[in-house]
file input18.csv (CSV, C-alpha atoms)
chain,number,residue,atom,x,y,z
T,1,MET,CA,0.0,0.0,0.0
T,2,ASN,CA,1.3,3.5,-0.9
T,3,LYS,CA,1.7,6.0,1.9
T,4,ILE,CA,0.8,9.7,1.4
T,5,GLY,CA,1.5,12.4,3.9
T,6,ILE,CA,-0.6,15.6,4.2
T,7,ILE,CA,0.6,18.5,6.3
T,8,GLY,CA,-2.3,20.8,7.1
T,9,VAL,CA,-5.7,19.3,7.0
T,10,GLY,CA,-7.9,22.4,7.0
T,11,ALA,CA,-10.2,23.2,4.0
T,12,VAL,CA,-7.7,22.6,1.3
T,13,GLY,CA,-6.0,19.6,2.9
T,14,SER,CA,-9.4,17.9,3.6
T,15,SER,CA,-10.6,18.7,0.1
T,16,PHE,CA,-7.5,17.0,-1.3
T,17,LEU,CA,-8.1,13.9,0.9
T,18,TYR,CA,-11.7,13.6,-0.1
T,19,ALA,CA,-10.9,14.1,-3.8
T,20,SER,CA,-8.2,11.4,-3.5
T,21,LEU,CA,-10.7,9.1,-1.8
T,22,ASN,CA,-13.2,9.5,-4.6
T,23,LYS,CA,-10.6,9.1,-7.3
T,24,GLN,CA,-9.8,5.7,-5.8
T,25,ILE,CA,-6.3,6.6,-4.8
T,26,GLU,CA,-5.8,3.8,-2.3
T,27,ALA,CA,-3.2,4.6,0.3
T,28,ASP,CA,-2.4,4.9,4.0
T,29,TYR,CA,-2.8,8.6,4.6
T,30,VAL,CA,-0.9,10.3,7.4
T,31,LEU,CA,-2.5,13.5,8.6
T,32,VAL,CA,-0.1,16.0,10.2
T,33,ASP,CA,-1.5,19.2,11.6
T,34,ALA,CA,-0.6,21.7,14.3
T,35,PHE,CA,-3.8,20.6,16.0
T,36,PHE,CA,-3.6,16.9,16.5
T,37,ASP,CA,-7.1,16.4,17.8
T,38,TYR,CA,-8.5,18.1,14.7
T,39,ALA,CA,-6.4,15.9,12.5
T,40,SER,CA,-7.6,12.8,14.4
T,41,ALA,CA,-11.2,13.9,13.9
T,42,GLN,CA,-10.6,14.4,10.2
T,43,ALA,CA,-9.1,10.9,10.0
T,44,LYS,CA,-12.1,9.3,11.7
T,45,ASP,CA,-14.5,11.1,9.4
T,46,LEU,CA,-12.5,10.1,6.3
T,47,ASN,CA,-12.3,6.5,7.5
T,48,ASP,CA,-16.1,6.5,7.7
T,49,ALA,CA,-16.3,7.6,4.1
T,50,ALA,CA,-13.7,5.0,2.9
T,51,CYS,CA,-15.6,2.2,4.7
T,52,SER,CA,-18.9,3.4,3.0
T,53,MET,CA,-17.3,2.6,-0.4
T,54,ALA,CA,-17.6,-0.8,-2.0
T,55,ASN,CA,-13.9,-1.3,-2.8
T,56,ASN,CA,-11.6,1.2,-1.1
T,57,GLY,CA,-8.9,0.1,1.3
T,58,SER,CA,-7.6,3.5,2.1
T,59,LYS,CA,-6.9,4.3,5.8
T,60,PHE,CA,-6.4,7.6,7.4
T,61,PHE,CA,-4.7,8.4,10.7
T,62,ALA,CA,-3.3,11.4,12.5
T,63,GLY,CA,0.5,11.2,12.9
T,64,ASP,CA,3.7,13.2,13.1
T,65,TYR,CA,6.8,13.8,11.0
T,66,ASN,CA,8.4,10.6,12.0
T,67,ASP,CA,5.5,8.8,10.3
T,68,LEU,CA,6.5,10.4,7.0
T,69,LYS,CA,9.8,8.7,6.5
T,70,ASP,CA,8.6,6.0,4.2
T,71,ALA,CA,5.9,8.0,2.4
T,72,GLN,CA,6.0,8.2,-1.4
T,73,ILE,CA,4.4,11.6,-1.5
T,74,ILE,CA,3.9,14.5,0.9
T,75,VAL,CA,1.4,17.3,0.2
T,76,ILE,CA,1.9,20.5,2.0
T,77,THR,CA,-1.2,22.8,2.4
T,78,ALA,CA,-0.3,24.3,5.8
T,79,SER,CA,-0.5,28.1,5.8
T,80,VAL,CA,-0.8,31.0,8.1
T,81,ARG,CA,-4.1,32.9,8.1
T,82,PRO,CA,-4.4,36.1,6.0
T,83,LYS,CA,-4.7,39.3,8.1
T,84,ASP,CA,-8.3,40.0,8.9
T,85,GLY,CA,-9.1,36.7,7.4
T,86,VAL,CA,-9.2,38.1,3.8
T,87,LEU,CA,-6.6,37.3,1.2
T,88,LYS,CA,-6.0,40.3,-1.1
T,89,ASP,CA,-2.8,39.2,-2.6
T,90,ARG,CA,-1.0,35.9,-2.3
T,91,LEU,CA,2.3,37.7,-1.7
T,92,GLU,CA,1.0,39.2,1.6
T,93,LEU,CA,1.5,35.8,3.1
T,94,LEU,CA,5.2,35.8,2.1
T,95,LYS,CA,7.4,36.0,5.2
T,96,ASP,CA,5.1,34.2,7.7
T,97,ASN,CA,4.5,31.3,5.4
T,98,ALA,CA,8.2,31.1,4.4
T,99,LYS,CA,9.1,30.7,8.1
T,100,LEU,CA,6.4,28.0,8.4
T,101,ILE,CA,7.7,26.2,5.3
T,102,ILE,CA,11.3,26.3,6.6
T,103,GLU,CA,10.2,24.7,9.8
T,104,ILE,CA,8.2,22.0,7.9
T,105,GLY,CA,11.0,21.4,5.5
T,106,ASN,CA,13.6,20.9,8.2
T,107,LYS,CA,11.3,18.4,10.0
T,108,ILE,CA,10.6,16.5,6.8
T,109,LYS,CA,14.2,16.2,6.0
T,110,ALA,CA,15.1,15.1,9.5
T,111,SER,CA,12.5,12.3,9.2
T,112,GLY,CA,14.5,10.7,6.4
T,113,PHE,CA,11.8,11.3,3.7
T,114,LYS,CA,13.0,10.4,0.2
T,115,GLY,CA,9.8,10.9,-1.8
T,116,ILE,CA,8.2,13.7,-3.8
T,117,THR,CA,6.8,16.9,-2.2
T,118,ILE,CA,3.9,18.8,-3.6
T,119,ILE,CA,3.4,22.3,-2.2
T,120,ALA,CA,0.1,24.2,-2.2
T,121,SER,CA,0.9,26.8,0.5
T,122,ASN,CA,0.7,30.3,-1.0
T,123,PRO,CA,2.5,31.9,-2.7
T,124,VAL,CA,3.2,28.4,-4.0
T,125,ASP,CA,6.1,29.1,-6.4
T,126,ILE,CA,8.0,31.1,-3.8
T,127,MET,CA,7.3,28.5,-1.1
T,128,ALA,CA,8.6,25.7,-3.3
T,129,SER,CA,11.7,27.7,-4.0
T,130,VAL,CA,12.3,28.2,-0.3
T,131,TYR,CA,11.5,24.6,0.5
T,132,GLN,CA,13.9,23.2,-2.1
T,133,GLU,CA,16.7,25.6,-1.0
T,134,VAL,CA,16.3,24.6,2.6
T,135,THR,CA,15.9,20.8,2.1
T,136,GLN,CA,18.2,20.5,-1.0
T,137,PHE,CA,16.0,17.8,-2.3
T,138,ASP,CA,16.3,17.1,-6.0
T,139,SER,CA,14.4,19.9,-7.7
T,140,SER,CA,12.5,17.4,-10.0
T,141,ARG,CA,11.0,15.9,-6.8
T,142,VAL,CA,9.8,19.2,-5.4
T,143,ILE,CA,6.7,20.5,-7.1
T,144,SER,CA,4.3,23.4,-6.5
T,145,SER,CA,0.7,23.2,-7.7
T,146,GLY,CA,1.7,26.1,-9.9
T,147,THR,CA,-0.8,27.2,-12.6
T,148,ILE,CA,-2.7,23.9,-12.9
T,149,LEU,CA,-5.7,25.6,-11.3
T,150,GLU,CA,-5.5,28.7,-13.5
T,151,THR,CA,-5.4,26.3,-16.5
T,152,ALA,CA,-8.6,24.7,-15.3
T,153,ARG,CA,-10.2,28.1,-14.9
T,154,MET,CA,-9.1,29.2,-18.3
T,155,LYS,CA,-10.6,26.1,-19.9
T,156,LYS,CA,-13.8,26.6,-17.8
T,157,PHE,CA,-14.4,30.1,-19.3
T,158,LEU,CA,-13.4,29.1,-22.8
T,159,SER,CA,-15.6,25.9,-22.7
T,160,GLU,CA,-18.6,28.0,-21.6
T,161,LYS,CA,-17.9,30.5,-24.4
T,162,ILE,CA,-17.7,28.1,-27.3
T,163,ASN,CA,-19.9,25.3,-25.8
T,164,VAL,CA,-17.3,22.5,-25.8
T,165,LYS,CA,-16.1,20.3,-23.0
T,166,ALA,CA,-13.0,21.6,-21.2
T,167,ALA,CA,-11.2,18.3,-22.0
T,168,SER,CA,-11.3,19.2,-25.7
T,169,ILE,CA,-9.2,22.3,-25.1
T,170,THR,CA,-5.5,22.0,-25.3
T,171,GLY,CA,-3.6,24.9,-23.7
T,172,PHE,CA,-2.0,26.0,-20.5
T,173,VAL,CA,-1.7,29.0,-18.2
T,174,ILE,CA,2.0,29.6,-17.3
T,175,GLY,CA,3.9,31.9,-15.0
T,176,GLU,CA,3.0,32.6,-11.3
T,177,HIS,CA,0.0,31.1,-9.5
T,178,GLY,CA,-1.4,34.5,-9.0
T,179,SER,CA,-1.4,37.9,-10.6
T,180,ARG,CA,1.7,37.2,-12.7
T,181,CYS,CA,0.2,34.4,-14.8
T,182,LEU,CA,-0.4,34.6,-18.6
T,183,ILE,CA,-2.1,32.6,-21.3
T,184,PRO,CA,0.0,31.9,-24.4
T,185,PHE,CA,-3.0,32.1,-26.8
T,186,SER,CA,-0.6,31.2,-29.7
T,187,LYS,CA,-0.2,27.7,-28.3
T,188,MET,CA,-3.9,26.9,-27.7
T,189,ARG,CA,-5.9,24.3,-29.7
T,190,ILE,CA,-9.5,23.2,-29.8
T,191,GLY,CA,-9.6,20.0,-31.7
T,192,LEU,CA,-7.3,20.5,-34.7
T,193,GLY,CA,-8.0,24.3,-34.9
T,194,SER,CA,-6.3,27.2,-33.2
T,195,LEU,CA,-8.0,30.2,-31.6
T,196,LYS,CA,-7.5,32.1,-34.9
T,197,ASP,CA,-10.2,29.9,-36.5
T,198,TRP,CA,-12.7,30.9,-33.8
T,199,LEU,CA,-11.7,34.5,-34.1
T,200,ALA,CA,-12.2,34.3,-37.9
T,201,ASN,CA,-15.7,33.0,-37.6
T,202,GLY,CA,-16.7,35.5,-34.9
T,203,THR,CA,-17.4,33.1,-32.1
T,204,ILE,CA,-14.6,34.7,-30.1
T,205,THR,CA,-13.5,38.3,-30.3
T,206,HIS,CA,-10.1,39.9,-29.5
T,207,GLU,CA,-11.7,41.9,-26.8
T,208,TRP,CA,-13.1,38.7,-25.1
T,209,LEU,CA,-9.6,37.1,-25.2
T,210,ASP,CA,-8.0,40.3,-23.8
T,211,ASN,CA,-10.4,40.0,-20.8
T,212,LEU,CA,-9.9,36.2,-20.4
T,213,ASN,CA,-6.5,36.5,-18.7
T,214,GLN,CA,-7.9,39.0,-16.2
T,215,LYS,CA,-10.9,36.8,-15.5
T,216,VAL,CA,-8.6,33.9,-14.7
T,217,LYS,CA,-6.6,36.1,-12.3
T,218,ASP,CA,-9.7,37.4,-10.6
T,219,GLU,CA,-11.6,34.1,-10.2
T,220,ALA,CA,-9.9,33.2,-6.9
T,221,PHE,CA,-10.9,36.4,-5.3
T,222,GLU,CA,-14.4,36.2,-6.6
T,223,ILE,CA,-14.7,32.8,-4.9
T,224,ILE,CA,-13.0,34.0,-1.7
T,225,SER,CA,-15.3,37.1,-1.5
T,226,GLY,CA,-18.3,34.7,-1.6
T,227,LYS,CA,-17.2,31.8,0.7
T,228,GLY,CA,-13.9,32.9,2.3
T,229,ILE,CA,-11.6,30.3,0.7
T,230,THR,CA,-10.9,28.3,-2.5
T,231,ASN,CA,-10.6,24.6,-1.7
T,232,PHE,CA,-12.5,22.2,-4.0
T,233,GLY,CA,-10.7,23.2,-7.2
T,234,VAL,CA,-7.2,23.0,-5.7
T,235,GLY,CA,-8.1,19.9,-3.8
T,236,GLU,CA,-9.1,18.1,-7.0
T,237,ASN,CA,-6.0,19.3,-8.8
T,238,LEU,CA,-3.7,18.1,-6.0
T,239,ALA,CA,-5.4,14.7,-6.2
T,240,GLU,CA,-4.8,14.7,-9.9
T,241,ILE,CA,-1.1,15.4,-9.5
T,242,VAL,CA,-0.8,12.6,-6.9
T,243,GLN,CA,-2.6,10.1,-9.1
T,244,ALA,CA,-0.3,11.0,-12.0
T,245,ILE,CA,2.8,10.3,-9.9
T,246,LEU,CA,1.6,7.1,-8.4
T,247,THR,CA,0.5,5.7,-11.8
T,248,ASP,CA,3.5,7.0,-13.6
T,249,ARG,CA,1.1,8.7,-16.0
T,250,GLN,CA,3.7,10.7,-18.0
T,251,VAL,CA,1.2,13.3,-18.7
T,252,VAL,CA,1.7,17.1,-19.2
T,253,TYR,CA,0.4,19.5,-16.5
T,254,SER,CA,1.3,23.2,-15.9
T,255,LEU,CA,3.0,23.1,-12.5
T,256,GLY,CA,5.4,25.2,-10.5
T,257,VAL,CA,8.8,23.8,-11.4
T,258,LYS,CA,12.4,25.0,-11.3
T,259,LEU,CA,13.2,27.0,-14.4
T,260,PRO,CA,16.0,25.4,-16.3
T,261,ASP,CA,19.0,27.3,-17.8
T,262,GLU,CA,17.3,27.7,-21.2
T,263,TYR,CA,15.0,30.3,-19.5
T,264,ARG,CA,15.8,33.7,-18.4
T,265,ASN,CA,15.7,33.9,-14.5
T,266,SER,CA,16.4,30.2,-14.2
T,267,GLY,CA,16.7,28.7,-10.8
T,268,ILE,CA,13.4,29.8,-9.4
T,269,TYR,CA,10.1,28.0,-9.3
T,270,PHE,CA,7.6,29.2,-11.9
T,271,GLY,CA,4.6,27.7,-13.8
T,272,LEU,CA,5.4,25.7,-16.9
T,273,PRO,CA,4.0,22.6,-18.7
T,274,VAL,CA,6.0,19.6,-17.7
T,275,ILE,CA,5.8,15.8,-18.0
T,276,LEU,CA,4.8,14.2,-14.7
T,277,GLY,CA,5.4,10.7,-13.6
T,278,LYS,CA,6.7,8.4,-10.8
T,279,ASN,CA,10.1,10.2,-10.5
T,280,GLY,CA,8.7,13.7,-10.4
T,281,TYR,CA,8.7,16.1,-13.4
T,282,ARG,CA,10.6,16.2,-16.7
T,283,HIS,CA,11.0,19.4,-18.7
T,284,LEU,CA,9.6,19.7,-22.2
T,285,PRO,CA,11.7,21.5,-24.9
T,286,LYS,CA,11.7,25.3,-24.3
T,287,ILE,CA,8.4,26.8,-25.2
T,288,ARG,CA,8.6,29.1,-28.2
T,289,LEU,CA,6.4,32.0,-27.2
T,290,GLU,CA,5.4,35.0,-29.3
T,291,GLU,CA,7.7,38.0,-28.7
T,292,ASP,CA,5.1,39.8,-26.6
T,293,GLU,CA,4.3,36.7,-24.6
T,294,GLN,CA,8.0,36.0,-23.9
T,295,LYS,CA,8.5,39.6,-22.7
T,296,ILE,CA,5.7,39.2,-20.2
T,297,PHE,CA,6.9,35.8,-19.0
T,298,ASP,CA,10.5,37.2,-18.5
T,299,ASP,CA,9.3,40.3,-16.8
T,300,TYR,CA,7.0,38.3,-14.4
T,301,SER,CA,9.7,35.8,-13.6
T,302,ALA,CA,12.2,38.5,-13.0
T,303,GLU,CA,9.9,40.1,-10.4
T,304,ILE,CA,9.4,36.7,-8.6
T,305,LYS,CA,13.1,36.0,-8.7
T,306,GLU,CA,13.9,39.4,-7.1
T,307,THR,CA,11.3,38.6,-4.4
T,308,ILE,CA,12.7,35.2,-3.7
T,309,ILE,CA,16.3,36.5,-3.5
T,310,GLN,CA,15.3,39.2,-1.1
T,311,LEU,CA,13.3,36.7,1.0
T,312,LEU,CA,16.1,34.2,1.2
T,313,ASP,CA,18.6,36.9,2.1
T,314,ASP,CA,16.3,38.3,4.8
T,315,LEU,CA,15.9,34.8,6.3
T,316,LYS,CA,19.6,34.2,6.0
T,317,ILE,CA,19.2,31.1,3.8
T,318,GLU,CA,22.3,30.3,1.6
T,319,HIS,CA,21.5,30.2,-2.1
T,320,ASN,CA,23.1,30.5,-5.5
T,321,LEU,CA,20.5,32.7,-7.1
T,322,LYS,CA,21.8,35.9,-8.8
call {"tool": "encode", "arguments": {"input": "input18.csv", "output": "structure tokens"}}
result
Amino acid sequence: MNKIGIIGVGAVGSSFLYASLNKQIEADYVLVDAFFDYASAQAKDLNDAACSMANNGSKFFAGDYNDLKDAQIIVITASVRPKDGVLKDRLELLKDNAKLIIEIGNKIKASGFKGITIIASNPVDIMASVYQEVTQFDSSRVISSGTILETARMKKFLSEKINVKAASITGFVIGEHGSRCLIPFSKMRIGLGSLKDWLANGTITHEWLDNLNQKVKDEAFEIISGKGITNFGVGENLAEIVQAILTDRQVVYSLGVKLPDEYRNSGIYFGLPVILGKNGYRHLPKIRLEEDEQKIFDDYSAEIKETIIQLLDDLKIEHNLK
């Protein structure tokens, strides 16, 4: 039986666990949380759900970092609470969450863990950068949830617009999980056609496409303003990532990964389509973006790199970023 660790079992963590259960990802799940009694109660509730299914042997229990040594995957969703309980910008969580991720990373490394880490604590790309620098785990085995959720939102809006299932749309949102994401429209396909075909027949307008990128960026805050948190979308996407790793799916997702040398501002975590399987991620050949898209990507990644360097320096963490 596989073993999966989850650190932080609040709304996002529990949504991931329930999505995993319903995707039939059978495993022993170790729930680690600052509030042990809460984690224990979540485990009991999830065990009830598992035992209500016809053929699911998953088991859930509250544990500690020592229980994570032989886990194949650890998912980190733990986070500090936004000030006043309202998240206005993911970067506002920066320093407090970085300190938490450093503490978690040191405890995970001390446990002897050798598996793959998936980070969903915001801001996810910066937290993945900090975690990888602190633990020095192989970068291909440290993943942030990246722009997989923005990609789902982009497909949602486009599928509603042209009345086709989201699965029929091939395309990705890249960049930061947040305000510095962008959609490379030049790389998108619906069936065998490009967006130019839909623009040509008038189904989509340039004005609508111009607004789509902002709609994707704003969607999280629309949800948060109504219910206080986003949890189901990210929970499902985390379960999808875990399933792809455990089944060695070798499928392409847009995730937060360490930018290779072919990219300007290499060395930081940023959203790119990569191939995901049992050993972590593998990079695709460098994306050939349009000139304006490349400039936006480089400008955004430069801003994030500057933020990461300043953060690591402030926290006195050694690094080789320049």
call {"tool": "residues_around", "arguments": {"input": "input18.csv", "residues": "T:Leu21", "least_positions_apart": "6", "cutoff": "10 Å", "atoms": "only C-alpha atoms", "output": "number ranges by chain"}}
result
T: 15, 27, 46-47, 49-50, 53, 56-59, 239
call {"tool": "residues_around", "arguments": {"input": "input18.csv", "residues": "T:Phe297", "least_positions_apart": "5", "cutoff": "10 Å", "atoms": "all atoms listed in the file", "output": "list in words"}}
result
Ile174, Gly175, Glu176, Arg180, Cys181, Leu182, Ile183, Pro184, Tyr263, Arg264, Phe270, Gly271, Leu289, Glu291, Asp292 and Ala302 of chain T
call {"tool": "residues_around", "arguments": {"input": "input18.csv", "residues": "T:Gly202", "least_positions_apart": "6", "cutoff": "12 Å", "atoms": "only C-alpha atoms", "output": "PyMOL selection string"}}
result
chain T and resi 161-162+195-196+208
call {"tool": "atom_distance", "arguments": {"input": "input18.csv", "atom1": "atom CA of T:Ile296", "atom2": "atom CA of T:Glu222"}}
result
24.5 Å
call {"tool": "axis_aligned_box", "arguments": {"input": "input18.csv", "around": "stretch 51-59 of chain T", "padding_each_side": "6 Å", "output": "AutoDock Vina command-line options"}}
result
--center_x -12.9 --center_y 1.5 --center_z 1.5 --size_x 24.0 --size_y 17.6 --size_z 20.6
call {"tool": "closest_residue", "arguments": {"input": "input18.csv", "among": "T:Gln136, T:Ser266, T:Ser121, T:Ser111", "to": "T:Ser79", "atoms": "all atoms listed in the file"}}
result
T:Ser121
call {"tool": "atom_distance", "arguments": {"input": "input18.csv", "atom1": "atom CA of T:Phe61", "atom2": "atom CA of T:Asp96"}}
result
27.8 Å
call {"tool": "closest_atom_pairs", "arguments": {"input": "input18.csv", "of": "stretch 90-157 of chain T", "to": "stretch 311-316 of chain T", "cutoff": "9 Å", "atoms": "all atoms listed in the file", "output": "CSV"}}
result
residue,atom,partner,partner_atom,distance
T:Leu94,CA,T:Leu311,CA,8.2
T:Lys95,CA,T:Leu311,CA,7.3
T:Ala98,CA,T:Leu311,CA,8.3
T:Lys99,CA,T:Leu315,CA,8.1
T:Val130,CA,T:Leu312,CA,7.3
T:Glu133,CA,T:Leu312,CA,8.9
call {"tool": "atom_distance", "arguments": {"input": "input18.csv", "atom1": "atom CA of T:Leu276", "atom2": "atom CA of T:Asn231"}}
result
22.7 Å
call {"tool": "closest_residue", "arguments": {"input": "input18.csv", "among": "T:Asn22, T:Gln214, T:Gln294, T:Thr77", "to": "T:Ile119", "atoms": "only C-alpha atoms"}}
result
T:Thr77
call {"tool": "closest_residue", "arguments": {"input": "input18.csv", "among": "T:Glu207, T:Glu160, T:Glu150, T:Glu26", "to": "T:Ile4", "atoms": "all atoms listed in the file"}}
result
T:Glu26
call {"tool": "closest_residue", "arguments": {"input": "input18.csv", "among": "T:Ser129, T:Asn237, T:Asn66, T:Asn122", "to": "T:Leu93", "atoms": "all atoms listed in the file"}}
result
T:Asn122
call {"tool": "closest_residue", "arguments": {"input": "input18.csv", "among": "T:Arg153, T:Gln250, T:Leu238, T:Ile245", "to": "T:Ile223", "atoms": "all atoms listed in the file"}}
result
T:Arg153
call {"tool": "closest_residue", "arguments": {"input": "input18.csv", "among": "T:Ile6, T:Ala43, T:Leu149, T:Ile102", "to": "T:Gln72", "atoms": "all atoms listed in the file"}}
result
T:Ile6
call {"tool": "residues_around", "arguments": {"input": "input18.csv", "residues": "stretch 28-42 of chain T", "least_positions_apart": "5", "cutoff": "8 Å", "atoms": "all atoms listed in the file", "output": "list in words"}}
result
Met1, Asn2, Lys3, Ile4, Gly5, Ile6, Ile7, Gly8, Val9, Ser14, Ser58, Lys59, Phe60, Phe61, Ala62, Gly63, Asp64, Tyr65, Asp67, Leu68 and Ala78 of chain T
call {"tool": "residues_around", "arguments": {"input": "input18.csv", "residues": "T:Ile304", "least_positions_apart": "4", "cutoff": "9 Å", "atoms": "all atoms listed in the file", "output": "JSON, numbers by chain"}}
result
{"T": [125, 126, 176, 180, 268, 269, 270, 299, 300, 308, 309]}
call {"tool": "decode", "arguments": {"input": "input18.csv", "residues": "stretch 22-46 of chain T", "atoms": "N, CA and C atoms", "output": "JSON list (two decimals), in the first residue's frame"}}
result
[["chain", "number", "residue", "atom", "x", "y", "z"],
["T", 22, "ASN", "N", -12.26, 9.75, -3.55],
["T", 22, "ASN", "CA", -13.23, 9.54, -4.62],
["T", 22, "ASN", "C", -12.59, 9.21, -5.97],
["T", 23, "LYS", "N", -11.29, 9.49, -6.11],
["T", 23, "LYS", "CA", -10.57, 9.09, -7.32],
["T", 23, "LYS", "C", -9.97, 7.69, -7.15],
["T", 24, "GLN", "N", -10.31, 7.03, -6.04],
["T", 24, "GLN", "CA", -9.84, 5.68, -5.76],
["T", 24, "GLN", "C", -8.31, 5.60, -5.68],
["T", 25, "ILE", "N", -7.70, 6.63, -5.08],
["T", 25, "ILE", "CA", -6.26, 6.60, -4.84],
["T", 25, "ILE", "C", -6.05, 5.91, -3.50],
["T", 26, "GLU", "N", -5.90, 4.59, -3.53],
["T", 26, "GLU", "CA", -5.79, 3.82, -2.30],
["T", 26, "GLU", "C", -4.41, 4.03, -1.67],
["T", 27, "ALA", "N", -4.42, 4.36, -0.39],
["T", 27, "ALA", "CA", -3.17, 4.61, 0.31],
["T", 27, "ALA", "C", -3.41, 4.65, 1.81],
["T", 28, "ASP", "N", -2.33, 4.56, 2.56],
["T", 28, "ASP", "CA", -2.36, 4.92, 3.97],
["T", 28, "ASP", "C", -2.03, 6.41, 4.04],
["T", 29, "TYR", "N", -2.97, 7.19, 4.51],
["T", 29, "TYR", "CA", -2.82, 8.64, 4.56],
["T", 29, "TYR", "C", -2.44, 9.08, 5.98],
["T", 30, "VAL", "N", -1.32, 9.77, 6.10],
["T", 30, "VAL", "CA", -0.87, 10.29, 7.39],
["T", 30, "VAL", "C", -1.23, 11.77, 7.46],
["T", 31, "LEU", "N", -2.07, 12.14, 8.41],
["T", 31, "LEU", "CA", -2.52, 13.51, 8.55],
["T", 31, "LEU", "C", -1.71, 14.20, 9.65],
["T", 32, "VAL", "N", -0.93, 15.20, 9.26],
["T", 32, "VAL", "CA", -0.11, 15.96, 10.21],
["T", 32, "VAL", "C", -0.65, 17.39, 10.26],
["T", 33, "ASP", "N", -0.92, 17.85, 11.47],
["T", 33, "ASP", "CA", -1.48, 19.19, 11.63],
["T", 33, "ASP", "C", -1.03, 19.74, 12.98],
["T", 34, "ALA", "N", -0.97, 21.07, 13.06],
["T", 34, "ALA", "CA", -0.60, 21.70, 14.33],
["T", 34, "ALA", "C", -1.59, 21.35, 15.43],
["T", 35, "PHE", "N", -2.81, 21.00, 15.04],
["T", 35, "PHE", "CA", -3.85, 20.63, 16.01],
["T", 35, "PHE", "C", -4.14, 19.14, 15.85],
["T", 36, "PHE", "N", -3.50, 18.34, 16.69],
["T", 36, "PHE", "CA", -3.57, 16.88, 16.54],
["T", 36, "PHE", "C", -5.00, 16.36, 16.67],
["T", 37, "ASP", "N", -5.75, 16.87, 17.63],
["T", 37, "ASP", "CA", -7.12, 16.39, 17.83],
["T", 37, "ASP", "C", -7.98, 16.65, 16.60],
["T", 38, "TYR", "N", -7.74, 17.78, 15.95],
["T", 38, "TYR", "CA", -8.47, 18.11, 14.72],
["T", 38, "TYR", "C", -8.11, 17.12, 13.61],
["T", 39, "ALA", "N", -6.81, 16.84, 13.47],
["T", 39, "ALA", "CA", -6.38, 15.87, 12.47],
["T", 39, "ALA", "C", -6.96, 14.49, 12.75],
["T", 40, "SER", "N", -7.02, 14.12, 14.03],
["T", 40, "SER", "CA", -7.57, 12.83, 14.41],
["T", 40, "SER", "C", -9.05, 12.74, 14.05],
["T", 41, "ALA", "N", -9.78, 13.83, 14.28],
["T", 41, "ALA", "CA", -11.21, 13.85, 13.93],
["T", 41, "ALA", "C", -11.41, 13.77, 12.42],
["T", 42, "GLN", "N", -10.57, 14.47, 11.66],
["T", 42, "GLN", "CA", -10.65, 14.39, 10.20],
["T", 42, "GLN", "C", -10.39, 12.96, 9.73],
["T", 43, "ALA", "N", -9.40, 12.30, 10.34],
["T", 43, "ALA", "CA", -9.09, 10.92, 9.96],
["T", 43, "ALA", "C", -10.27, 9.99, 10.23],
["T", 44, "LYS", "N", -10.91, 10.16, 11.37],
["T", 44, "LYS", "CA", -12.06, 9.31, 11.70],
["T", 44, "LYS", "C", -13.18, 9.51, 10.69],
["T", 45, "ASP", "N", -13.43, 10.75, 10.33],
["T", 45, "ASP", "CA", -14.50, 11.06, 9.39],
["T", 45, "ASP", "C", -14.19, 10.48, 8.01],
["T", 46, "LEU", "N", -12.95, 10.59, 7.57],
["T", 46, "LEU", "CA", -12.55, 10.06, 6.27],
["T", 46, "LEU", "C", -12.56, 8.53, 6.26]]
